[in-house]
>>> print(open('run10.pdb').read())   # PDB, C-alpha atoms, pLDDT in the B column
MODEL        1
ATOM      1  CA  MET K   1       0.126   2.876  -2.144  1.00 54.00           C
ATOM      2  CA  LYS K   2       3.854   2.450  -1.768  1.00 57.00           C
ATOM      3  CA  SER K   3       4.113   0.836  -5.202  1.00 58.00           C
ATOM      4  CA  ARG K   4       2.302   3.797  -6.808  1.00 60.00           C
ATOM      5  CA  PHE K   5       4.758   6.211  -5.173  1.00 56.00           C
ATOM      6  CA  LEU K   6       7.733   4.086  -6.132  1.00 53.00           C
ATOM      7  CA  SER K   7       6.425   3.523  -9.663  1.00 59.00           C
ATOM      8  CA  SER K   8       6.190   7.260 -10.167  1.00 56.00           C
ATOM      9  CA  LEU K   9       9.726   7.699  -8.891  1.00 51.00           C
ATOM     10  CA  CYS K  10      10.998   4.956 -11.197  1.00 54.00           C
ATOM     11  CA  ALA K  11       9.119   6.359 -14.200  1.00 55.00           C
ATOM     12  CA  LEU K  12      10.719   9.738 -13.642  1.00 50.00           C
ATOM     13  CA  LEU K  13      14.153   8.172 -13.417  1.00 51.00           C
ATOM     14  CA  ILE K  14      13.601   6.121 -16.574  1.00 60.00           C
ATOM     15  CA  ILE K  15      12.562   9.243 -18.497  1.00 57.00           C
ATOM     16  CA  PHE K  16      15.760  11.001 -17.409  1.00 56.00           C
ATOM     17  CA  PHE K  17      17.739   7.949 -18.411  1.00 55.00           C
ATOM     18  CA  ALA K  18      16.151   7.773 -21.861  1.00 55.00           C
ATOM     19  CA  PHE K  19      16.991  11.392 -22.682  1.00 54.00           C
ATOM     20  CA  SER K  20      20.612  11.229 -21.656  1.00 51.00           C
ATOM     21  CA  SER K  21      21.898   8.246 -23.644  1.00 51.00           C
ATOM     22  CA  VAL K  22      24.902  10.220 -24.945  1.00 49.00           C
ATOM     23  CA  GLU K  23      26.591  10.157 -21.566  1.00 50.00           C
ATOM     24  CA  ALA K  24      25.328   6.668 -20.685  1.00 52.00           C
ATOM     25  CA  GLN K  25      28.785   5.118 -20.767  1.00 63.00           C
ATOM     26  CA  ASN K  26      30.019   7.343 -17.946  1.00 74.00           C
ATOM     27  CA  GLN K  27      26.961   7.090 -15.762  1.00 79.00           C
ATOM     28  CA  ARG K  28      26.750   5.209 -12.523  1.00 82.00           C
ATOM     29  CA  ILE K  29      23.457   3.452 -11.852  1.00 85.00           C
ATOM     30  CA  GLY K  30      22.384   1.897  -8.563  1.00 86.00           C
ATOM     31  CA  PHE K  31      19.235   0.317  -7.254  1.00 87.00           C
ATOM     32  CA  ILE K  32      17.413  -0.147  -4.007  1.00 89.00           C
ATOM     33  CA  ASP K  33      14.856  -2.672  -2.856  1.00 88.00           C
ATOM     34  CA  SER K  34      12.296  -0.516  -1.050  1.00 88.00           C
ATOM     35  CA  GLU K  35      10.398  -3.547   0.268  1.00 89.00           C
ATOM     36  CA  TYR K  36      13.562  -4.804   1.939  1.00 90.00           C
ATOM     37  CA  ILE K  37      14.285  -1.337   3.310  1.00 91.00           C
ATOM     38  CA  LEU K  38      10.747  -0.977   4.686  1.00 91.00           C
ATOM     39  CA  GLU K  39      11.005  -4.367   6.407  1.00 90.00           C
ATOM     40  CA  GLN K  40      14.166  -3.168   8.171  1.00 91.00           C
ATOM     41  CA  VAL K  41      12.687   0.127   9.406  1.00 92.00           C
ATOM     42  CA  PRO K  42      11.518  -0.419  13.003  1.00 91.00           C
ATOM     43  CA  GLU K  43       8.626   2.051  12.658  1.00 92.00           C
ATOM     44  CA  TYR K  44       7.199   0.069   9.733  1.00 94.00           C
ATOM     45  CA  GLU K  45       6.098  -2.807  11.980  1.00 93.00           C
ATOM     46  CA  GLY K  46       4.183  -0.283  14.076  1.00 93.00           C
ATOM     47  CA  VAL K  47       2.501   1.066  10.936  1.00 94.00           C
ATOM     48  CA  GLU K  48       1.516  -2.430   9.849  1.00 94.00           C
ATOM     49  CA  GLN K  49       0.221  -3.250  13.328  1.00 95.00           C
ATOM     50  CA  ARG K  50      -1.844  -0.047  13.482  1.00 95.00           C
ATOM     51  CA  LEU K  51      -3.355  -0.757  10.055  1.00 95.00           C
ATOM     52  CA  ARG K  52      -4.093  -4.351  11.071  1.00 96.00           C
ATOM     53  CA  GLN K  53      -5.927  -3.155  14.196  1.00 96.00           C
ATOM     54  CA  LEU K  54      -8.004  -0.674  12.213  1.00 94.00           C
ATOM     55  CA  SER K  55      -8.774  -3.277   9.583  1.00 96.00           C
ATOM     56  CA  GLU K  56      -9.835  -5.864  12.156  1.00 97.00           C
ATOM     57  CA  SER K  57     -12.211  -3.471  13.927  1.00 96.00           C
ATOM     58  CA  TRP K  58     -13.777  -2.489  10.606  1.00 96.00           C
ATOM     59  CA  ARG K  59     -14.132  -6.138   9.596  1.00 97.00           C
ATOM     60  CA  GLU K  60     -15.944  -6.819  12.880  1.00 97.00           C
ATOM     61  CA  GLU K  61     -18.394  -4.034  12.038  1.00 96.00           C
ATOM     62  CA  ILE K  62     -18.898  -5.549   8.581  1.00 97.00           C
ATOM     63  CA  GLU K  63     -19.588  -8.941  10.169  1.00 97.00           C
ATOM     64  CA  GLU K  64     -22.203  -7.305  12.407  1.00 97.00           C
ATOM     65  CA  LEU K  65     -23.871  -5.807   9.347  1.00 96.00           C
ATOM     66  CA  ASP K  66     -23.750  -9.223   7.658  1.00 97.00           C
ATOM     67  CA  GLU K  67     -25.487 -10.769  10.673  1.00 97.00           C
ATOM     68  CA  GLU K  68     -28.175  -8.077  10.601  1.00 97.00           C
ATOM     69  CA  ILE K  69     -28.762  -8.725   6.908  1.00 97.00           C
ATOM     70  CA  ASP K  70     -28.903 -12.498   7.482  1.00 97.00           C
ATOM     71  CA  ASN K  71     -31.392 -12.063  10.334  1.00 96.00           C
ATOM     72  CA  LEU K  72     -33.585  -9.774   8.255  1.00 96.00           C
ATOM     73  CA  GLU K  73     -33.528 -12.218   5.330  1.00 96.00           C
ATOM     74  CA  GLN K  74     -34.280 -15.224   7.536  1.00 96.00           C
ATOM     75  CA  GLU K  75     -37.137 -13.400   9.217  1.00 95.00           C
ATOM     76  CA  PHE K  76     -38.474 -12.334   5.838  1.00 94.00           C
ATOM     77  CA  GLU K  77     -38.328 -15.877   4.426  1.00 94.00           C
ATOM     78  CA  ALA K  78     -39.982 -17.330   7.514  1.00 93.00           C
ATOM     79  CA  ARG K  79     -42.902 -14.871   7.432  1.00 92.00           C
ATOM     80  CA  GLU K  80     -43.121 -13.932   3.774  1.00 90.00           C
ATOM     81  CA  ILE K  81     -46.376 -15.766   3.144  1.00 91.00           C
ATOM     82  CA  LEU K  82     -47.992 -13.919   6.067  1.00 91.00           C
ATOM     83  CA  PHE K  83     -47.090 -10.455   4.758  1.00 92.00           C
ATOM     84  CA  THR K  84     -49.315  -8.309   2.611  1.00 93.00           C
ATOM     85  CA  PRO K  85     -47.723  -7.191  -0.668  1.00 93.00           C
ATOM     86  CA  GLU K  86     -47.087  -3.757   0.840  1.00 95.00           C
ATOM     87  CA  VAL K  87     -45.353  -5.161   3.955  1.00 94.00           C
ATOM     88  CA  ARG K  88     -43.389  -7.560   1.735  1.00 94.00           C
ATOM     89  CA  ARG K  89     -42.089  -4.613  -0.336  1.00 95.00           C
ATOM     90  CA  GLU K  90     -41.211  -2.668   2.825  1.00 95.00           C
ATOM     91  CA  ARG K  91     -39.233  -5.590   4.255  1.00 95.00           C
ATOM     92  CA  GLN K  92     -37.434  -6.212   0.973  1.00 96.00           C
ATOM     93  CA  GLN K  93     -36.622  -2.506   0.817  1.00 97.00           C
ATOM     94  CA  GLU K  94     -35.297  -2.665   4.390  1.00 96.00           C
ATOM     95  CA  ILE K  95     -33.034  -5.594   3.438  1.00 96.00           C
ATOM     96  CA  ASN K  96     -31.835  -3.805   0.306  1.00 97.00           C
ATOM     97  CA  ASN K  97     -31.138  -0.630   2.283  1.00 97.00           C
ATOM     98  CA  LYS K  98     -29.094  -2.597   4.811  1.00 97.00           C
ATOM     99  CA  LYS K  99     -27.105  -4.204   1.961  1.00 97.00           C
ATOM    100  CA  ARG K 100     -26.427  -0.772   0.436  1.00 97.00           C
ATOM    101  CA  GLU K 101     -25.379   0.509   3.851  1.00 97.00           C
ATOM    102  CA  ARG K 102     -22.932  -2.399   4.101  1.00 97.00           C
ATOM    103  CA  GLU K 103     -21.496  -1.692   0.634  1.00 97.00           C
ATOM    104  CA  ARG K 104     -21.115   2.029   1.418  1.00 97.00           C
ATOM    105  CA  TYR K 105     -19.383   1.152   4.665  1.00 97.00           C
ATOM    106  CA  ILE K 106     -16.971  -1.244   2.938  1.00 97.00           C
ATOM    107  CA  ASN K 107     -16.210   1.341   0.276  1.00 96.00           C
ATOM    108  CA  SER K 108     -15.683   4.110   2.842  1.00 96.00           C
ATOM    109  CA  ARG K 109     -13.245   1.941   4.785  1.00 96.00           C
ATOM    110  CA  PHE K 110     -11.493  -0.184   2.139  1.00 95.00           C
ATOM    111  CA  GLY K 111     -12.275   1.492  -1.190  1.00 93.00           C
ATOM    112  CA  PRO K 112      -9.631   3.287  -3.260  1.00 91.00           C
ATOM    113  CA  ASP K 113     -10.310   6.559  -1.429  1.00 92.00           C
ATOM    114  CA  GLY K 114     -11.243   4.841   1.814  1.00 94.00           C
ATOM    115  CA  ASP K 115      -9.986   5.297   5.331  1.00 96.00           C
ATOM    116  CA  TYR K 116      -7.571   2.353   5.127  1.00 95.00           C
ATOM    117  CA  PHE K 117      -5.565   3.727   2.207  1.00 94.00           C
ATOM    118  CA  ARG K 118      -5.752   7.283   3.509  1.00 95.00           C
ATOM    119  CA  GLN K 119      -4.411   6.127   6.875  1.00 95.00           C
ATOM    120  CA  GLN K 120      -1.757   4.014   5.153  1.00 93.00           C
ATOM    121  CA  ARG K 121      -0.540   7.012   3.124  1.00 93.00           C
ATOM    122  CA  GLU K 122      -0.477   9.192   6.210  1.00 94.00           C
ATOM    123  CA  LEU K 123       1.416   6.659   8.323  1.00 94.00           C
ATOM    124  CA  LEU K 124       3.920   5.739   5.580  1.00 93.00           C
ATOM    125  CA  ARG K 125       4.641   9.298   4.432  1.00 94.00           C
ATOM    126  CA  PRO K 126       7.369  10.010   7.047  1.00 94.00           C
ATOM    127  CA  ILE K 127       9.077   6.678   6.383  1.00 93.00           C
ATOM    128  CA  GLN K 128       8.944   7.191   2.613  1.00 90.00           C
ATOM    129  CA  ARG K 129      10.329  10.698   2.982  1.00 91.00           C
ATOM    130  CA  GLN K 130      13.155   9.290   5.092  1.00 92.00           C
ATOM    131  CA  ILE K 131      13.931   6.631   2.446  1.00 90.00           C
ATOM    132  CA  VAL K 132      13.950   9.178  -0.374  1.00 88.00           C
ATOM    133  CA  GLU K 133      16.183  11.561   1.585  1.00 90.00           C
ATOM    134  CA  ALA K 134      18.596   8.768   2.516  1.00 91.00           C
ATOM    135  CA  THR K 135      18.650   7.486  -1.075  1.00 89.00           C
ATOM    136  CA  ASN K 136      19.401  10.988  -2.343  1.00 87.00           C
ATOM    137  CA  ALA K 137      22.182  11.400   0.239  1.00 90.00           C
ATOM    138  CA  VAL K 138      23.802   8.068  -0.726  1.00 90.00           C
ATOM    139  CA  ALA K 139      23.456   8.801  -4.447  1.00 87.00           C
ATOM    140  CA  GLU K 140      25.027  12.253  -4.043  1.00 87.00           C
ATOM    141  CA  ARG K 141      27.790  11.005  -1.748  1.00 89.00           C
ATOM    142  CA  ASP K 142      28.705   7.986  -3.887  1.00 88.00           C
ATOM    143  CA  GLY K 143      28.265   9.636  -7.280  1.00 86.00           C
ATOM    144  CA  TYR K 144      25.275   7.720  -8.654  1.00 84.00           C
ATOM    145  CA  ASP K 145      23.545   9.263 -11.643  1.00 83.00           C
ATOM    146  CA  PHE K 146      20.434   7.117 -11.346  1.00 83.00           C
ATOM    147  CA  VAL K 147      18.947   4.956  -8.614  1.00 85.00           C
ATOM    148  CA  PHE K 148      16.073   2.605  -9.394  1.00 85.00           C
ATOM    149  CA  ASP K 149      13.795   0.650  -7.109  1.00 86.00           C
ATOM    150  CA  ARG K 150      13.708  -2.993  -8.092  1.00 82.00           C
ATOM    151  CA  SER K 151      10.641  -3.754  -5.957  1.00 80.00           C
ATOM    152  CA  GLY K 152       8.404  -1.447  -7.988  1.00 70.00           C
ATOM    153  CA  ASP K 153       6.504  -2.082 -11.187  1.00 65.00           C
ATOM    154  CA  TYR K 154       9.667  -1.920 -13.255  1.00 61.00           C
ATOM    155  CA  VAL K 155      11.410  -5.243 -13.607  1.00 54.00           C
ATOM    156  CA  PHE K 156      15.152  -5.698 -13.685  1.00 54.00           C
ATOM    157  CA  PHE K 157      16.027  -8.762 -15.678  1.00 46.00           C
ATOM    158  CA  PHE K 158      19.517  -8.492 -14.366  1.00 55.00           C
ATOM    159  CA  ALA K 159      21.006  -6.362 -11.628  1.00 57.00           C
ATOM    160  CA  ARG K 160      24.551  -6.823 -10.428  1.00 64.00           C
ATOM    161  CA  SER K 161      24.357  -6.978  -6.644  1.00 71.00           C
ATOM    162  CA  GLN K 162      27.387  -4.710  -6.269  1.00 73.00           C
ATOM    163  CA  TRP K 163      25.155  -1.791  -7.325  1.00 76.00           C
ATOM    164  CA  ASN K 164      22.507  -2.529  -4.692  1.00 82.00           C
ATOM    165  CA  ILE K 165      22.661   0.423  -2.324  1.00 85.00           C
ATOM    166  CA  SER K 166      19.756  -0.646  -0.072  1.00 87.00           C
ATOM    167  CA  VAL K 167      22.078  -1.321   2.880  1.00 88.00           C
ATOM    168  CA  ASP K 168      23.782   2.053   2.356  1.00 87.00           C
ATOM    169  CA  VAL K 169      20.373   3.731   2.415  1.00 88.00           C
ATOM    170  CA  LEU K 170      19.486   1.939   5.665  1.00 89.00           C
ATOM    171  CA  LEU K 171      22.811   2.983   7.188  1.00 89.00           C
ATOM    172  CA  GLU K 172      22.137   6.559   6.092  1.00 88.00           C
ATOM    173  CA  MET K 173      18.816   6.282   7.935  1.00 90.00           C
ATOM    174  CA  GLY K 174      20.688   5.090  11.023  1.00 89.00           C
ATOM    175  CA  ILE K 175      19.511   1.476  10.793  1.00 88.00           C
ATOM    176  CA  GLN K 176      22.135  -1.241  11.223  1.00 84.00           C
ATOM    177  CA  VAL K 177      21.586  -4.465   9.253  1.00 83.00           C
ATOM    178  CA  GLU K 178      23.597  -7.465   8.208  1.00 77.00           C
ATOM    179  CA  GLU K 179      24.882  -7.091   4.677  1.00 68.00           C
ATOM    180  CA  ASP K 180      23.580 -10.420   3.334  1.00 63.00           C
ATOM    181  CA  MET K 181      21.153  -8.650   0.971  1.00 54.00           C
ATOM    182  CA  GLN K 182      21.074 -10.046  -2.582  1.00 49.00           C
TER     183      GLN K 182
ENDMDL
END
>>> encode(input="run10.pdb", output="structure tokens")
Amino acid sequence: MKSRFLSSLCALLIIFFAFSSVEAQNQRIGFIDSEYILEQVPEYEGVEQRLRQLSESWREEIEELDEEIDNLEQEFEAREILFTPEVRRERQQEINNKKRERERYINSRFGPDGDYFRQQRELLRPIQRQIVEATNAVAERDGYDFVFDRSGDYVFFFARSQWNISVDVLLEMGIQVEEDMQ
């Protein structure tokens, strides 16, 4: 989720950069490492913990469904020869329905539009907004024309550490850190 947001931000910045090559010599470019920034934000640990708790409870429910499916299959195998063809079909259908129920549950919780990612977006939104606002404030204050995120999908083959403004962004957010960031 965060990489999709950051990728979009980086893509927008790259497009602006591509169209303004005439003034490129006078431009000031900085970068942030959003993963590093997120790790320093105290609220982020709470977000991760909340998501872990949700995920664990959902995984327990999936394990319960797995046990139900296993029990149904074992019972079916043990008694299959005793069943009439009609009962055999009904039991197989019951097992298949339980498997579909499990797949629907997994998809509703962990799928691309599932509860996990929806909750993640909701919980991260305030932190991301804070990072963007702080980055904008630092860029405006210090005269940067472009600020990229090096932890996104766009790769920097070289980035001079003097242009890393991640610590400045954290300070703008009111978070004190040691400046050993590389």
>>> residues_around(input="run10.pdb", residues="range 110-123 of chain K", least_positions_apart="2", cutoff="9 Å", atoms="only C-alpha atoms", output="list in words")
Met1, Lys2, Tyr44, Val47, Glu48, Leu51, Leu54, Ser55, Tyr105, Ile106, Asn107, Ser108, Arg125, Pro126 and Ile127 of chain K
>>> residues_around(input="run10.pdb", residues="range 171-178 of chain K", least_positions_apart="5", cutoff="10 Å", atoms="only C-alpha atoms", output="number ranges by chain")
K: 37, 40-42, 127, 130-131, 133-138, 165-166
>>> closest_residue(input="run10.pdb", among="K:Thr84, K:Glu94, K:Gly152, K:Arg141", to="Val169 in chain K", atoms="all atoms listed in the file")
K:Arg141
>>> atom_distance(input="run10.pdb", atom1="CA of Ser34 in chain K", atom2="CA of Leu124 in chain K")
12.4 Å
>>> axis_aligned_box(input="run10.pdb", around="range 27-36 of chain K", padding_each_side="8 Å", output="AutoDock Vina command-line options")
--center_x 18.7 --center_y 1.1 --center_z -6.9 --size_x 32.6 --size_y 27.9 --size_z 33.7
>>> atom_distance(input="run10.pdb", atom1="CA of Val87 in chain K", atom2="CA of Glu67 in chain K")
21.7 Å
>>> residues_near_point(input="run10.pdb", point="(25.0, 5.0, -7.6)", cutoff="12 Å", atoms="only C-alpha atoms", output="JSON, numbers by chain")
{"K": [26, 27, 28, 29, 30, 31, 32, 135, 136, 137, 138, 139, 140, 141, 142, 143, 144, 145, 146, 147, 148, 162, 163, 164, 165, 166, 168, 169]}
>>> atom_distance(input="run10.pdb", atom1="CA of Lys98 in chain K", atom2="CA of Ile69 in chain K")
6.5 Å
